[in-house]
file run-v2.pdb (PDB, C-alpha atoms, pLDDT in the B column)
ATOM      1  CA  MET A 658      90.017 103.614 238.449  1.00 52.00           C
ATOM      2  CA  GLN A 659      90.859 100.521 240.452  1.00 56.00           C
ATOM      3  CA  GLN A 660      89.421  97.220 239.227  1.00 54.00           C
ATOM      4  CA  ILE A 661      88.618  94.636 241.912  1.00 55.00           C
ATOM      5  CA  PRO A 662      87.954  91.122 240.538  1.00 52.00           C
ATOM      6  CA  HIS A 663      85.502  88.572 241.893  1.00 51.00           C
ATOM      7  CA  PRO A 664      84.372  87.585 244.457  1.00 52.00           C
ATOM      8  CA  ALA A 665      81.881  90.406 244.791  1.00 50.00           C
ATOM      9  CA  LYS A 666      81.484  89.996 248.562  1.00 58.00           C
ATOM     10  CA  ALA A 667      84.466  92.236 249.314  1.00 58.00           C
ATOM     11  CA  LYS A 668      83.810  94.745 252.088  1.00 68.00           C
ATOM     12  CA  VAL A 669      83.883  98.452 251.338  1.00 70.00           C
ATOM     13  CA  SER A 670      85.953 100.186 253.998  1.00 70.00           C
ATOM     14  CA  GLN A 671      85.125 103.784 253.099  1.00 78.00           C
ATOM     15  CA  LYS A 672      82.038 105.926 252.804  1.00 89.00           C
ATOM     16  CA  LEU A 673      80.854 106.303 249.209  1.00 92.00           C
ATOM     17  CA  ASP A 674      79.146 109.202 247.483  1.00 94.00           C
ATOM     18  CA  ALA A 675      77.774 107.127 244.602  1.00 94.00           C
ATOM     19  CA  ILE A 676      77.354 103.491 243.601  1.00 94.00           C
ATOM     20  CA  ILE A 677      76.938 102.822 239.884  1.00 95.00           C
ATOM     21  CA  ILE A 678      75.477  99.502 238.801  1.00 94.00           C
ATOM     22  CA  ALA A 679      77.096  98.016 235.666  1.00 91.00           C
ATOM     23  CA  SER A 680      80.038  99.446 233.743  1.00 91.00           C
ATOM     24  CA  GLY A 681      78.938 100.323 230.221  1.00 88.00           C
ATOM     25  CA  ILE A 682      80.428 103.337 228.501  1.00 84.00           C
ATOM     26  CA  GLY A 683      77.771 105.652 229.932  1.00 87.00           C
ATOM     27  CA  ALA A 684      78.342 104.350 233.461  1.00 91.00           C
ATOM     28  CA  LEU A 685      82.117 104.711 233.138  1.00 90.00           C
ATOM     29  CA  VAL A 686      81.841 108.281 231.855  1.00 88.00           C
ATOM     30  CA  THR A 687      79.468 109.126 234.723  1.00 91.00           C
ATOM     31  CA  ALA A 688      81.823 107.555 237.252  1.00 93.00           C
ATOM     32  CA  SER A 689      84.837 109.369 235.818  1.00 91.00           C
ATOM     33  CA  GLN A 690      83.075 112.731 235.905  1.00 90.00           C
ATOM     34  CA  LEU A 691      81.972 112.216 239.510  1.00 92.00           C
ATOM     35  CA  ALA A 692      85.478 111.126 240.493  1.00 91.00           C
ATOM     36  CA  ALA A 693      86.962 114.157 238.743  1.00 89.00           C
ATOM     37  CA  LYS A 694      84.818 116.348 241.014  1.00 89.00           C
ATOM     38  CA  GLY A 695      86.129 114.601 244.118  1.00 91.00           C
ATOM     39  CA  ALA A 696      83.359 112.070 244.717  1.00 93.00           C
ATOM     40  CA  LYS A 697      84.106 108.567 246.018  1.00 93.00           C
ATOM     41  CA  VAL A 698      82.524 106.223 243.493  1.00 94.00           C
ATOM     42  CA  LEU A 699      82.042 102.457 243.382  1.00 93.00           C
ATOM     43  CA  VAL A 700      81.244 100.797 240.037  1.00 93.00           C
ATOM     44  CA  LEU A 701      79.748  97.296 240.230  1.00 92.00           C
ATOM     45  CA  GLU A 702      80.002  94.906 237.272  1.00 90.00           C
ATOM     46  CA  ARG A 703      79.208  91.192 237.295  1.00 87.00           C
ATOM     47  CA  TYR A 704      81.104  90.454 234.084  1.00 82.00           C
ATOM     48  CA  LEU A 705      84.885  89.862 234.042  1.00 80.00           C
ATOM     49  CA  ILE A 706      85.766  93.145 232.301  1.00 79.00           C
ATOM     50  CA  PRO A 707      84.173  96.616 232.167  1.00 84.00           C
ATOM     51  CA  GLY A 708      82.952  98.319 229.012  1.00 82.00           C
ATOM     52  CA  GLY A 709      79.496  96.902 228.325  1.00 83.00           C
ATOM     53  CA  SER A 710      78.737  97.197 224.612  1.00 79.00           C
ATOM     54  CA  ALA A 711      82.141  98.803 224.126  1.00 76.00           C
ATOM     55  CA  GLY A 712      83.842  95.600 225.287  1.00 76.00           C
ATOM     56  CA  SER A 713      84.772  92.411 223.479  1.00 78.00           C
ATOM     57  CA  PHE A 714      84.940  88.644 223.959  1.00 80.00           C
ATOM     58  CA  GLU A 715      86.992  85.831 222.443  1.00 83.00           C
ATOM     59  CA  ARG A 716      85.872  82.527 220.925  1.00 83.00           C
ATOM     60  CA  GLN A 717      88.216  79.966 219.380  1.00 82.00           C
ATOM     61  CA  GLY A 718      91.012  82.464 218.937  1.00 79.00           C
ATOM     62  CA  TYR A 719      88.816  85.220 217.422  1.00 75.00           C
ATOM     63  CA  ARG A 720      87.889  88.477 219.110  1.00 76.00           C
ATOM     64  CA  PHE A 721      84.380  89.890 218.668  1.00 76.00           C
ATOM     65  CA  ASP A 722      82.958  93.301 219.568  1.00 75.00           C
ATOM     66  CA  VAL A 723      80.036  93.091 221.979  1.00 76.00           C
ATOM     67  CA  GLY A 724      78.212  96.062 220.515  1.00 72.00           C
ATOM     68  CA  GLU A 725      78.776  98.840 218.023  1.00 61.00           C
ATOM     69  CA  SER A 726      82.143  98.992 216.316  1.00 56.00           C
ATOM     70  CA  MET A 727      81.974 102.758 215.704  1.00 57.00           C
ATOM     71  CA  ILE A 728      82.274 105.238 218.566  1.00 61.00           C
ATOM     72  CA  PHE A 729      82.153 109.021 218.217  1.00 65.00           C
ATOM     73  CA  GLY A 730      83.619 111.594 220.561  1.00 68.00           C
ATOM     74  CA  PHE A 731      87.385 110.991 220.438  1.00 75.00           C
ATOM     75  CA  GLY A 732      88.261 114.092 218.454  1.00 72.00           C
ATOM     76  CA  SER A 733      90.521 116.889 219.644  1.00 71.00           C
ATOM     77  CA  GLN A 734      88.608 119.958 218.483  1.00 66.00           C
ATOM     78  CA  VAL A 735      85.346 121.848 219.121  1.00 62.00           C
ATOM     79  CA  THR A 736      82.686 120.498 221.510  1.00 60.00           C
ATOM     80  CA  THR A 737      81.402 117.130 220.257  1.00 63.00           C
ATOM     81  CA  ASN A 738      84.517 115.281 221.479  1.00 73.00           C
ATOM     82  CA  LEU A 739      82.760 114.235 224.686  1.00 73.00           C
ATOM     83  CA  LEU A 740      84.781 111.073 225.328  1.00 77.00           C
ATOM     84  CA  THR A 741      88.098 112.867 224.920  1.00 80.00           C
ATOM     85  CA  ARG A 742      86.986 115.507 227.403  1.00 76.00           C
ATOM     86  CA  ALA A 743      85.719 112.868 229.862  1.00 77.00           C
ATOM     87  CA  LEU A 744      89.095 111.124 229.802  1.00 81.00           C
ATOM     88  CA  GLN A 745      90.931 114.419 230.213  1.00 80.00           C
ATOM     89  CA  GLY A 746      88.862 115.042 233.326  1.00 78.00           C
ATOM     90  CA  VAL A 747      90.571 112.059 235.004  1.00 79.00           C
ATOM     91  CA  ASN A 748      94.004 112.729 233.441  1.00 84.00           C
ATOM     92  CA  MET A 749      93.777 109.900 230.920  1.00 83.00           C
ATOM     93  CA  THR A 750      94.147 109.594 227.156  1.00 81.00           C
ATOM     94  CA  LEU A 751      93.256 106.852 224.719  1.00 79.00           C
ATOM     95  CA  GLU A 752      95.038 106.178 221.451  1.00 81.00           C
ATOM     96  CA  THR A 753      92.605 105.719 218.577  1.00 79.00           C
ATOM     97  CA  ILE A 754      93.041 104.439 215.027  1.00 78.00           C
ATOM     98  CA  PRO A 755      91.114 106.535 212.474  1.00 77.00           C
ATOM     99  CA  ASP A 756      89.157 104.603 209.856  1.00 79.00           C
ATOM    100  CA  SER A 757      88.385 106.295 206.565  1.00 83.00           C
ATOM    101  CA  VAL A 758      85.212 104.176 206.241  1.00 84.00           C
ATOM    102  CA  GLN A 759      82.771 104.781 209.097  1.00 80.00           C
ATOM    103  CA  ILE A 760      80.093 102.293 208.022  1.00 80.00           C
ATOM    104  CA  HIS A 761      80.097  99.693 205.255  1.00 82.00           C
ATOM    105  CA  TYR A 762      76.673  98.480 204.100  1.00 79.00           C
ATOM    106  CA  HIS A 763      76.385  95.038 202.485  1.00 74.00           C
ATOM    107  CA  VAL A 764      72.751  94.585 201.476  1.00 71.00           C
ATOM    108  CA  PRO A 765      70.768  92.611 198.867  1.00 68.00           C
ATOM    109  CA  ASN A 766      70.544  93.573 195.196  1.00 72.00           C
ATOM    110  CA  GLY A 767      74.273  94.177 194.926  1.00 74.00           C
ATOM    111  CA  LEU A 768      74.367  97.341 197.041  1.00 78.00           C
ATOM    112  CA  ASP A 769      77.831  97.709 198.587  1.00 84.00           C
ATOM    113  CA  LEU A 770      77.929 101.205 200.060  1.00 84.00           C
ATOM    114  CA  LYS A 771      80.799 102.735 202.030  1.00 87.00           C
ATOM    115  CA  VAL A 772      80.122 105.718 204.285  1.00 86.00           C
ATOM    116  CA  ASP A 773      83.461 107.454 203.826  1.00 88.00           C
ATOM    117  CA  SER A 774      84.605 109.953 206.452  1.00 82.00           C
ATOM    118  CA  ASN A 775      85.444 112.290 203.590  1.00 87.00           C
ATOM    119  CA  TYR A 776      82.122 113.988 202.863  1.00 87.00           C
ATOM    120  CA  ASP A 777      82.683 114.531 199.132  1.00 91.00           C
ATOM    121  CA  GLN A 778      83.769 110.921 198.654  1.00 91.00           C
ATOM    122  CA  PHE A 779      80.711 109.661 200.511  1.00 90.00           C
ATOM    123  CA  MET A 780      78.389 111.775 198.378  1.00 91.00           C
ATOM    124  CA  GLN A 781      79.984 110.319 195.250  1.00 91.00           C
ATOM    125  CA  ASN A 782      79.508 106.803 196.616  1.00 89.00           C
ATOM    126  CA  ILE A 783      75.834 107.155 197.481  1.00 89.00           C
ATOM    127  CA  THR A 784      74.722 109.172 194.449  1.00 90.00           C
ATOM    128  CA  LYS A 785      76.389 106.609 192.190  1.00 88.00           C
ATOM    129  CA  TYR A 786      73.821 104.047 193.379  1.00 85.00           C
ATOM    130  CA  PHE A 787      70.909 106.498 193.486  1.00 86.00           C
ATOM    131  CA  PRO A 788      71.490 109.084 190.727  1.00 89.00           C
ATOM    132  CA  HIS A 789      67.761 109.844 190.505  1.00 88.00           C
ATOM    133  CA  GLU A 790      67.835 110.995 194.174  1.00 88.00           C
ATOM    134  CA  LYS A 791      70.966 113.136 193.886  1.00 90.00           C
ATOM    135  CA  GLN A 792      69.325 116.477 194.678  1.00 91.00           C
ATOM    136  CA  GLY A 793      67.325 115.067 197.600  1.00 91.00           C
ATOM    137  CA  ILE A 794      70.407 113.363 199.032  1.00 91.00           C
ATOM    138  CA  HIS A 795      72.344 116.623 198.931  1.00 92.00           C
ATOM    139  CA  ARG A 796      69.469 118.518 200.585  1.00 91.00           C
ATOM    140  CA  PHE A 797      69.213 115.902 203.325  1.00 91.00           C
ATOM    141  CA  TYR A 798      72.915 115.806 204.191  1.00 90.00           C
ATOM    142  CA  ASP A 799      73.300 119.584 203.923  1.00 90.00           C
ATOM    143  CA  GLU A 800      70.621 119.849 206.592  1.00 89.00           C
ATOM    144  CA  CYS A 801      72.395 117.247 208.726  1.00 88.00           C
ATOM    145  CA  TRP A 802      75.554 119.329 208.473  1.00 87.00           C
ATOM    146  CA  ARG A 803      73.692 122.429 209.647  1.00 88.00           C
ATOM    147  CA  VAL A 804      72.513 120.555 212.741  1.00 87.00           C
ATOM    148  CA  PHE A 805      76.014 119.246 213.419  1.00 83.00           C
ATOM    149  CA  ASN A 806      77.563 122.714 213.078  1.00 85.00           C
ATOM    150  CA  CYS A 807      75.045 124.099 215.561  1.00 84.00           C
ATOM    151  CA  LEU A 808      75.879 121.344 218.057  1.00 80.00           C
ATOM    152  CA  ASN A 809      79.582 121.837 217.477  1.00 79.00           C
ATOM    153  CA  SER A 810      79.415 125.512 218.439  1.00 80.00           C
ATOM    154  CA  ILE A 811      77.747 125.100 221.836  1.00 78.00           C
ATOM    155  CA  GLU A 812      78.784 123.551 225.118  1.00 72.00           C
ATOM    156  CA  LEU A 813      77.267 120.065 225.356  1.00 68.00           C
ATOM    157  CA  LEU A 814      76.014 119.200 228.840  1.00 66.00           C
ATOM    158  CA  SER A 815      72.917 117.628 230.383  1.00 61.00           C
ATOM    159  CA  LEU A 816      69.653 118.821 228.891  1.00 57.00           C
ATOM    160  CA  GLU A 817      68.056 118.369 232.323  1.00 60.00           C
ATOM    161  CA  GLU A 818      69.843 121.413 233.769  1.00 69.00           C
ATOM    162  CA  PRO A 819      67.659 124.573 233.389  1.00 69.00           C
ATOM    163  CA  GLU A 820      70.679 126.843 233.868  1.00 76.00           C
ATOM    164  CA  TYR A 821      72.327 125.173 230.896  1.00 73.00           C
ATOM    165  CA  PHE A 822      69.583 126.269 228.504  1.00 71.00           C
ATOM    166  CA  PHE A 823      69.816 129.907 229.481  1.00 77.00           C
ATOM    167  CA  ARG A 824      73.612 129.988 229.471  1.00 79.00           C
ATOM    168  CA  VAL A 825      73.920 128.350 226.051  1.00 76.00           C
ATOM    169  CA  PHE A 826      71.206 130.562 224.586  1.00 78.00           C
ATOM    170  CA  LEU A 827      72.964 133.719 225.761  1.00 82.00           C
ATOM    171  CA  GLN A 828      76.338 132.484 224.482  1.00 82.00           C
ATOM    172  CA  ASN A 829      75.158 131.156 221.105  1.00 82.00           C
ATOM    173  CA  PRO A 830      71.607 132.368 220.346  1.00 85.00           C
ATOM    174  CA  LEU A 831      71.799 131.630 216.602  1.00 86.00           C
ATOM    175  CA  SER A 832      72.992 128.046 217.118  1.00 84.00           C
ATOM    176  CA  TRP A 833      70.335 127.429 219.766  1.00 79.00           C
ATOM    177  CA  LEU A 834      67.570 128.787 217.538  1.00 83.00           C
ATOM    178  CA  GLY A 835      68.965 126.690 214.683  1.00 84.00           C
ATOM    179  CA  LEU A 836      68.431 123.560 216.779  1.00 82.00           C
ATOM    180  CA  ALA A 837      65.054 124.611 218.176  1.00 81.00           C
ATOM    181  CA  LYS A 838      63.380 124.190 214.776  1.00 82.00           C
ATOM    182  CA  TYR A 839      64.047 120.431 214.962  1.00 83.00           C
ATOM    183  CA  LEU A 840      62.531 119.814 218.399  1.00 79.00           C
ATOM    184  CA  ARG A 841      59.401 118.247 216.914  1.00 82.00           C
ATOM    185  CA  SER A 842      61.107 116.206 214.188  1.00 82.00           C
ATOM    186  CA  ASN A 843      63.690 113.463 213.810  1.00 82.00           C
ATOM    187  CA  VAL A 844      66.100 112.306 211.132  1.00 82.00           C
ATOM    188  CA  GLY A 845      63.467 109.999 209.645  1.00 82.00           C
ATOM    189  CA  ASP A 846      61.073 112.903 209.115  1.00 84.00           C
ATOM    190  CA  ILE A 847      63.763 114.878 207.303  1.00 84.00           C
ATOM    191  CA  ALA A 848      64.740 111.890 205.158  1.00 84.00           C
ATOM    192  CA  LYS A 849      61.131 111.346 204.067  1.00 83.00           C
ATOM    193  CA  ARG A 850      60.774 115.020 203.186  1.00 84.00           C
ATOM    194  CA  ASP A 851      63.896 115.178 201.016  1.00 84.00           C
ATOM    195  CA  ILE A 852      64.051 111.649 199.576  1.00 83.00           C
ATOM    196  CA  LYS A 853      61.313 109.614 197.958  1.00 76.00           C
ATOM    197  CA  PRO A 854      59.961 106.661 199.979  1.00 69.00           C
ATOM    198  CA  GLY A 855      61.821 103.415 199.386  1.00 64.00           C
ATOM    199  CA  PHE A 856      64.946 101.557 200.247  1.00 52.00           C
ATOM    200  CA  LEU A 857      67.211 104.607 200.372  1.00 57.00           C
ATOM    201  CA  THR A 858      65.055 106.212 203.070  1.00 54.00           C
ATOM    202  CA  LYS A 859      65.573 103.128 205.276  1.00 54.00           C
ATOM    203  CA  ILE A 860      69.320 103.516 204.872  1.00 54.00           C
ATOM    204  CA  GLU A 861      69.187 107.214 205.798  1.00 52.00           C
ATOM    205  CA  LYS A 862      67.189 106.527 208.952  1.00 50.00           C
ATOM    206  CA  ARG A 863      69.789 104.055 210.191  1.00 50.00           C
ATOM    207  CA  GLY A 864      72.960 105.616 208.859  1.00 47.00           C
ATOM    208  CA  VAL A 865      72.766 109.156 210.235  1.00 43.00           C
TER     209      VAL A 865
END
call {"tool": "encode", "arguments": {"input": "run-v2.pdb", "output": "structure tokens"}}
result
Amino acid sequence: MQQIPHPAKAKVSQKLDAIIIASGIGALVTASQLAAKGAKVLVLERYLIPGGSAGSFERQGYRFDVGESMIFGFGSQVTTNLLTRALQGVNMTLETIPDSVQIHYHVPNGLDLKVDSNYDQFMQNITKYFPHEKQGIHRFYDECWRVFNCLNSIELLSLEEPEYFFRVFLQNPLSWLGLAKYLRSNVGDIAKRDIKPGFLTKIEKRGV
């Protein structure tokens, strides 16, 4: 993807199939997928560098992330590695540095909770602070794992394509039915069902 700096009054000498305004991660993935299918795409961004919330800026010698510091989808297996597959579509790769701690909560009352990428270690961490909710925590995260395993076994594409629904259902009917039961609920509903109301429920709503 060619990056053309300011000024933005440069003339476009070729006919375009798509013009994408702004260059956040969603816009860049969309542009890359269109380009991979042969479309001529122009991405417009008023800032100095692309990336949106996935970018960074520097102040007084320090570099700060613009948005979230944790990004999923760079794996090499199954179907939830969407960013890896998007890059492969344009013959690109990106080196990543795995972090054993996905999220680190620092909150009042001395709660210092690490969401370890190792599931067993994470469960030890969280149940240490909330031993009275141990069974509910296990029920909640076991259910989250069931949802993830269903997603990981089907092809992930746009939910706005009717053909996609029928194709995925025929290929993986059990996984599709496993997800269908959650159409009218969200992670907060599940957390409230398995874990007593309180501070822990607020963590679950944000951390999953």
call {"tool": "resolve_selection", "arguments": {"input": "run-v2.pdb", "expression": "the PyMOL selection byres ((chain A and resi 701-713) around 6)", "output": "list in words"}}
result
Ile678, Ala679, Ser680, Gly681, Ile682, Val700, Phe714, Phe721, Asp722, Val723 and Gly724 of chain A
call {"tool": "residues_around", "arguments": {"input": "run-v2.pdb", "residues": "stretch 782-796 of chain A", "least_positions_apart": "3", "cutoff": "8 Å", "atoms": "only C-alpha atoms", "output": "list of chain:residue names"}}
result
A:Leu768, A:Leu770, A:Lys771, A:Val772, A:Gln778, A:Phe779, A:Asp799, A:Glu800, A:Asp851, A:Ile852, A:Lys853
call {"tool": "atom_distance", "arguments": {"input": "run-v2.pdb", "atom1": "atom CA of A:Ala675", "atom2": "atom CA of A:Leu691"}}
result
8.3 Å
call {"tool": "closest_residue", "arguments": {"input": "run-v2.pdb", "among": "A:Gln781, A:Gln759, A:Ala848, A:Arg841", "to": "A:Tyr798", "atoms": "all atoms listed in the file"}}
result
A:Ala848
call {"tool": "closest_residue", "arguments": {"input": "run-v2.pdb", "among": "A:Asp674, A:Glu715, A:Glu812, A:Asp777", "to": "A:Arg742", "atoms": "all atoms listed in the file"}}
result
A:Glu812
call {"tool": "axis_aligned_box", "arguments": {"input": "run-v2.pdb", "around": "stretch 684-693 of chain A", "padding_each_side": "5 Å", "output": "lines of an AutoDock Vina configuration file"}}
result
center_x = 82.7
center_y = 109.3
center_z = 236.2
size_x = 18.6
size_y = 19.8
size_z = 18.6
call {"tool": "residues_near_point", "arguments": {"input": "run-v2.pdb", "point": "(67.9, 128.8, 219.5)", "cutoff": "12 Å", "atoms": "only C-alpha atoms", "output": "PyMOL selection string"}}
result
chain A and resi 804+807-808+811+822-840
call {"tool": "atom_distance", "arguments": {"input": "run-v2.pdb", "atom1": "atom CA of A:Val747", "atom2": "atom CA of A:Asn806"}}
result
27.6 Å
call {"tool": "atom_distance", "arguments": {"input": "run-v2.pdb", "atom1": "atom CA of A:Thr741", "atom2": "atom CA of A:Ser810"}}
result
16.7 Å
call {"tool": "closest_residue", "arguments": {"input": "run-v2.pdb", "among": "A:Val764, A:Val686, A:Leu699, A:Leu673", "to": "A:Gln745", "atoms": "all atoms listed in the file"}}
result
A:Val686
call {"tool": "closest_residue", "arguments": {"input": "run-v2.pdb", "among": "A:Phe805, A:Tyr719, A:Phe731, A:Tyr776", "to": "A:Ile754", "atoms": "all atoms listed in the file"}}
result
A:Phe731
call {"tool": "closest_residue", "arguments": {"input": "run-v2.pdb", "among": "A:Thr753, A:Arg720, A:Arg850, A:Glu820", "to": "A:Gly732", "atoms": "all atoms listed in the file"}}
result
A:Thr753
